[in-house]
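Please read the structure below before turning to the comments.
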Amino acid sequence: MSNIIYRHFQPGDEQQLAELFNRAFQTNKISIIRTPKILNWRYMQSPNFEPNMIQIAEDRDKRLIVGAVYVHFIEEIPFDNKLFKVGEINDVSCHPDYVKKGIATKLMNLAIDYMKKKECDISMLNAGRNSIARKKIYLKFGYEDIEKKYNFVQCPNFAKLFINIPIFATLFFPFYNIFYLVRILKRIKFRFNKLFKNFSYEIVYNKSHFRYMEAANRILSKYYTGFPPYTKEKLIWARIKVPSKRFIPTYILIKKENKIVGGAVLTHQNLYSFKYGFKIRFGIVHEIFLDKEVFNNDKNQISSGFQYLIDKVMKAATRRYLGSIIVQSSSKNNELNLALSKLFFLKIWDDNMMIKYIKRKIKIPGSSKPLFLPTYITIGYP
């Protein structure tokens, strides 16, 4: 294809990159929407951004961007106490009129070459288990499945859900009985459970950023492998200097005797289907963590602790008028998965976290700990 040229990002590309993303992912009939402002925050304003992190295919005759691959973040990530330099792939997109022309393959090669120049040990990405991209692109480039990711959904605010999708109003009573009554019964149980006698919680909106950061770094690093700690710069980018109210965080903090022993962070996003004419406002739980030592490392007690925390996440989601929320969990995160199931979260699909070894002699050690799932890789938003 002599009319296709390949280059890296240049200022002024934001509008076409946003349009490319929206056109490419709306072929699946439902997706989030990128605007130039959000795309600029998501990538160009992120810590340590370089133009070569975005590889672009352009139809030079039409002056049209027809493909893009983003290397978002190159960061040191600990896997079982050993640091690896990781390049993260995101938002691989191709214009529907230019598929099956080798564009994605060329762009992936350029992205991998860039990660080699930056001396990355591995590359990491998220892919649908049965997706065409996984089968036709990532596996052929040597990416391997490292861990399965579950996606759980619940409905904290039925009124908002029914406004978004009126057809669901016919399911009000079964939804109410399955979801809301279960939450009421759980709250009664928590009140009389001696395990939570000295527990309290806070739900705070757009404040306590660094208090949350300290707790997340302290607890997540103990119980997950592959967790890149928050830095001050990363927190300011992801949680404070955000481009829209949707990305302003609500922090949920669980305390025992005034010490933070668990937490979560909640933002929200809109999911659009132009074909079917609807928009769903859904919450994203970016991290959810609990200090298991507080529960004597007992699996049943830990699961109860997660249920207590998740109930407060649902309360926070109700305050944000969210009709639905999504929680992601590693298949190895047994206590959290059990807690979500007991609260009638629906597991709606599975994805695979994948890695490619850039340096041949490198090998990530196996771990019994769950893999941390950063939403800037899995969902596309920090």
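All residue names refer to the structure tokens as shown: chains lettered A, B, ... in order, residues numbered from 1 in each chain, ligands numbered from 1 in order.
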Extract the full set of alpha helix (DSSP H) residues from segment 125-253 of chain A according to DSSP on the backbone, and format it as a VMD selection string. chain A and resid 132 to 133 158 to 164 172 to 175 181 to 192 209 to 223 232 to 235
Find the residues near Glu144 of chain A: any atom within 10 Å, counting only C-alpha atoms, skip ones fewer than 6 places away on the same chain, and give them as a ChimeraX atom specification. /A:124-125,134,138,352-357
Among the residues of segment 204-265 of chain A, find those DSSP assigns to strand (DSSP E or B) from the backbone and print them as an NGL selection string. :A and (204-205 or 225 or 250-256 or 259-265)
File of the preceding selection, C-alpha atoms, as a PDB file, in the first residue's frame:
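Wrote it out as part02.pdb, contents follow:
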ATOM      1  CA  VAL A 204     -14.897  10.896  50.393  1.00  0.00           C
ATOM      2  CA  TYR A 205     -15.221  12.738  47.086  1.00  0.00           C
ATOM      3  CA  THR A 225       2.218  -9.290  42.161  1.00  0.00           C
ATOM      4  CA  THR A 250     -14.609   8.818  45.175  1.00  0.00           C
ATOM      5  CA  TYR A 251     -12.436   7.066  47.762  1.00  0.00           C
ATOM      6  CA  ILE A 252     -13.840   4.370  50.002  1.00  0.00           C
ATOM      7  CA  LEU A 253     -11.730   3.859  53.131  1.00  0.00           C
ATOM      8  CA  ILE A 254     -12.282   1.033  55.619  1.00  0.00           C
ATOM      9  CA  LYS A 255     -10.794   1.573  59.077  1.00  0.00           C
ATOM     10  CA  LYS A 256     -10.253  -0.551  62.154  1.00  0.00           C
ATOM     11  CA  LYS A 259      -6.222   2.710  60.947  1.00  0.00           C
ATOM     12  CA  ILE A 260      -6.985   2.274  57.231  1.00  0.00           C
ATOM     13  CA  VAL A 261      -7.162  -1.480  56.518  1.00  0.00           C
ATOM     14  CA  GLY A 262      -8.898  -1.459  53.156  1.00  0.00           C
ATOM     15  CA  GLY A 263     -10.096   0.744  50.370  1.00  0.00           C
ATOM     16  CA  ALA A 264     -11.229   1.286  46.816  1.00  0.00           C
ATOM     17  CA  VAL A 265     -11.457   4.116  44.300  1.00  0.00           C
TER      18      VAL A 265
END
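Our summary of the geometry notes that atom CA of Thr375 of chain A is positioned 19.2 Å from atom CA of Phe84 of chain A.
Minimum atom-to-atom distances from A:Ser244, A:Ser341, A:Asn206, A:Asn198 to Ile310 of chain A were compared using only C-alpha atoms, and the lowest value belongs to A:Ser341.
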I'd like the contact shell of Lys312 of chain A - 9 Å cut-off, only C-alpha atoms, skipping same-chain residues fewer than 2 positions apart - returned as an MDAnalysis selection string. chainID A and resid 201:203 252:254 307:310 314:317
Residues from last step as file, C-alpha atoms, as a JSON list (two decimals), in the first residue's frame:
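File written: again-v3.json
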[["chain", "number", "residue", "atom", "x", "y", "z"],
["A", 201, "TYR", "CA", -15.71, 3.65, 56.96],
["A", 202, "GLU", "CA", -15.40, 6.90, 55.02],
["A", 203, "ILE", "CA", -16.71, 7.77, 51.59],
["A", 252, "ILE", "CA", -13.84, 4.37, 50.00],
["A", 253, "LEU", "CA", -11.73, 3.86, 53.13],
["A", 254, "ILE", "CA", -12.28, 1.03, 55.62],
["A", 307, "GLN", "CA", -18.25, -8.01, 51.32],
["A", 308, "TYR", "CA", -18.21, -5.22, 53.91],
["A", 309, "LEU", "CA", -15.95, -3.13, 51.67],
["A", 310, "ILE", "CA", -17.94, -3.84, 48.50],
["A", 314, "MET", "CA", -22.13, 0.23, 46.30],
["A", 315, "LYS", "CA", -23.16, 3.01, 48.66],
["A", 316, "ALA", "CA", -20.60, 5.32, 47.04],
["A", 317, "ALA", "CA", -21.90, 4.35, 43.59]]
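Considering only C-alpha atoms, the residue among A:Ile280, A:Val153, A:Ile4, A:Ile219 positioned nearest to Gln328 of chain A is A:Val153.
Distance check against Tyr376 of chain A using only C-alpha atoms: of A:Ile348, A:Leu338, A:Ala238, A:Leu110, the minimum falls on A:Ala238.
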Non-local contacts of segment 68-83 of chain A (9 Å; only C-alpha atoms; under 6 positions in same chain excluded) as a short mmCIF file (atom, residue, chain, number, x, y, z; two decimals) with N, CA and C atoms, in the first residue's frame:
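Below is the file that was written, selection.cif:
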data_model
loop_
_atom_site.label_atom_id
_atom_site.label_comp_id
_atom_site.auth_asym_id
_atom_site.auth_seq_id
_atom_site.Cartn_x
_atom_site.Cartn_y
_atom_site.Cartn_z
N LEU A 17 -7.11 11.06 15.95
CA LEU A 17 -6.91 9.85 16.76
C LEU A 17 -8.17 9.51 17.54
N LEU A 20 -10.64 8.10 15.06
CA LEU A 20 -10.25 6.74 14.69
C LEU A 20 -10.67 5.75 15.76
N PHE A 21 -10.38 6.07 17.02
CA PHE A 21 -10.76 5.18 18.12
C PHE A 21 -12.27 4.94 18.12
N ARG A 42 -5.31 11.32 28.66
CA ARG A 42 -5.03 9.89 28.81
C ARG A 42 -3.60 9.54 28.41
N TYR A 43 -3.09 10.17 27.37
CA TYR A 43 -1.76 9.82 26.86
C TYR A 43 -0.76 10.98 26.97
N SER A 46 0.21 12.23 30.39
CA SER A 46 0.61 11.22 31.38
C SER A 46 2.11 11.33 31.65
N PRO A 47 2.56 10.86 32.81
CA PRO A 47 3.98 11.00 33.15
C PRO A 47 4.90 10.35 32.12
N ASN A 48 5.97 11.08 31.77
CA ASN A 48 7.04 10.57 30.91
C ASN A 48 6.58 10.24 29.48
N PHE A 49 5.56 10.94 28.99
CA PHE A 49 5.10 10.70 27.61
C PHE A 49 6.16 11.13 26.61
N ASN A 52 7.05 9.13 20.36
CA ASN A 52 7.25 7.81 19.77
C ASN A 52 6.43 6.72 20.43
N MET A 53 5.76 7.05 21.54
CA MET A 53 4.92 6.06 22.21
C MET A 53 3.63 5.81 21.42
N ILE A 54 3.29 6.72 20.51
CA ILE A 54 2.10 6.53 19.67
C ILE A 54 2.56 6.36 18.23
N GLN A 55 2.38 5.17 17.69
CA GLN A 55 2.73 4.86 16.30
C GLN A 55 1.47 4.99 15.44
N ILE A 56 1.60 5.66 14.31
CA ILE A 56 0.45 6.05 13.50
C ILE A 56 0.62 5.59 12.06
N ALA A 57 -0.48 5.11 11.46
CA ALA A 57 -0.54 4.85 10.01
C ALA A 57 -1.44 5.92 9.40
N ILE A 89 0.86 -1.91 26.16
CA ILE A 89 0.18 -1.65 24.89
C ILE A 89 -1.30 -1.37 25.14
N ASN A 90 -1.84 -0.37 24.44
CA ASN A 90 -3.26 -0.05 24.60
C ASN A 90 -3.84 0.52 23.31
N ASP A 91 -5.17 0.45 23.21
CA ASP A 91 -5.93 1.11 22.14
C ASP A 91 -5.41 0.82 20.74
N VAL A 92 -5.14 -0.43 20.45
CA VAL A 92 -4.76 -0.83 19.08
C VAL A 92 -6.01 -0.65 18.21
N SER A 93 -5.92 0.22 17.22
CA SER A 93 -7.13 0.54 16.44
C SER A 93 -6.80 0.71 14.96
N CYS A 94 -7.77 0.32 14.14
CA CYS A 94 -7.62 0.43 12.69
C CYS A 94 -8.95 0.87 12.09
N ILE A 103 -1.80 -3.26 8.33
CA ILE A 103 -1.50 -2.02 9.06
C ILE A 103 -1.23 -2.31 10.53
N ALA A 104 -2.09 -3.08 11.17
CA ALA A 104 -1.91 -3.38 12.59
C ALA A 104 -0.60 -4.13 12.82
N LEU A 107 2.25 -1.59 12.63
CA LEU A 107 2.25 -0.72 13.80
C LEU A 107 2.74 -1.45 15.05
N MET A 108 2.35 -2.73 15.21
CA MET A 108 2.82 -3.51 16.35
C MET A 108 4.33 -3.69 16.28
N LEU A 110 6.46 -1.63 14.95
CA LEU A 110 7.07 -0.36 15.32
C LEU A 110 7.00 -0.14 16.84
N ALA A 111 5.88 -0.51 17.45
CA ALA A 111 5.73 -0.35 18.89
C ALA A 111 6.72 -1.25 19.64
N ILE A 112 6.89 -2.47 19.17
CA ILE A 112 7.83 -3.39 19.81
C ILE A 112 9.27 -2.90 19.63
N TYR A 114 10.15 0.17 19.45
CA TYR A 114 10.30 1.28 20.39
C TYR A 114 10.58 0.75 21.81
N MET A 115 9.84 -0.29 22.22
CA MET A 115 10.05 -0.86 23.56
C MET A 115 11.43 -1.49 23.67
N LYS A 118 13.86 1.23 24.35
CA LYS A 118 13.74 1.70 25.73
C LYS A 118 14.19 0.63 26.72
N CYS A 120 12.99 -2.36 27.43
CA CYS A 120 11.95 -3.03 28.22
C CYS A 120 12.27 -4.52 28.34
N SER A 221 0.72 -3.74 47.67
CA SER A 221 2.03 -4.35 47.43
C SER A 221 2.23 -5.65 48.21
N TYR A 224 -0.51 -8.48 46.05
CA TYR A 224 -0.57 -8.63 44.59
C TYR A 224 0.84 -8.65 44.02
N THR A 225 0.99 -9.38 42.94
CA THR A 225 2.22 -9.29 42.16
C THR A 225 1.94 -8.38 40.96
N GLY A 226 2.97 -7.67 40.51
CA GLY A 226 2.79 -6.79 39.36
C GLY A 226 2.12 -5.47 39.68
N PHE A 227 2.18 -5.04 40.97
CA PHE A 227 1.56 -3.77 41.34
C PHE A 227 2.58 -2.65 41.26
N PRO A 228 2.40 -1.67 40.35
CA PRO A 228 3.29 -0.50 40.29
C PRO A 228 2.79 0.56 41.26
N PRO A 229 3.54 0.87 42.30
CA PRO A 229 3.04 1.80 43.32
C PRO A 229 2.71 3.17 42.73
N ILE A 364 9.49 -14.03 33.97
CA ILE A 364 8.77 -13.60 35.16
C ILE A 364 8.52 -14.81 36.05
N PRO A 365 8.83 -14.72 37.34
CA PRO A 365 8.60 -15.86 38.22
C PRO A 365 7.12 -16.12 38.43
N GLY A 366 6.75 -17.39 38.56
CA GLY A 366 5.38 -17.73 38.89
C GLY A 366 5.05 -17.26 40.29
N SER A 367 3.80 -16.95 40.54
CA SER A 367 3.41 -16.42 41.85
C SER A 367 2.04 -16.96 42.24
N LYS A 369 0.31 -15.17 44.27
CA LYS A 369 -0.46 -13.95 44.45
C LYS A 369 -1.23 -13.61 43.18
N LEU A 371 -2.49 -11.34 40.10
CA LEU A 371 -1.86 -10.29 39.30
C LEU A 371 -2.66 -9.00 39.46
N TYR A 376 -5.73 1.32 33.52
CA TYR A 376 -5.24 2.02 32.32
C TYR A 376 -4.78 1.03 31.26
N ILE A 377 -4.64 -0.25 31.62
CA ILE A 377 -4.40 -1.29 30.63
C ILE A 377 -5.70 -2.01 30.28
#
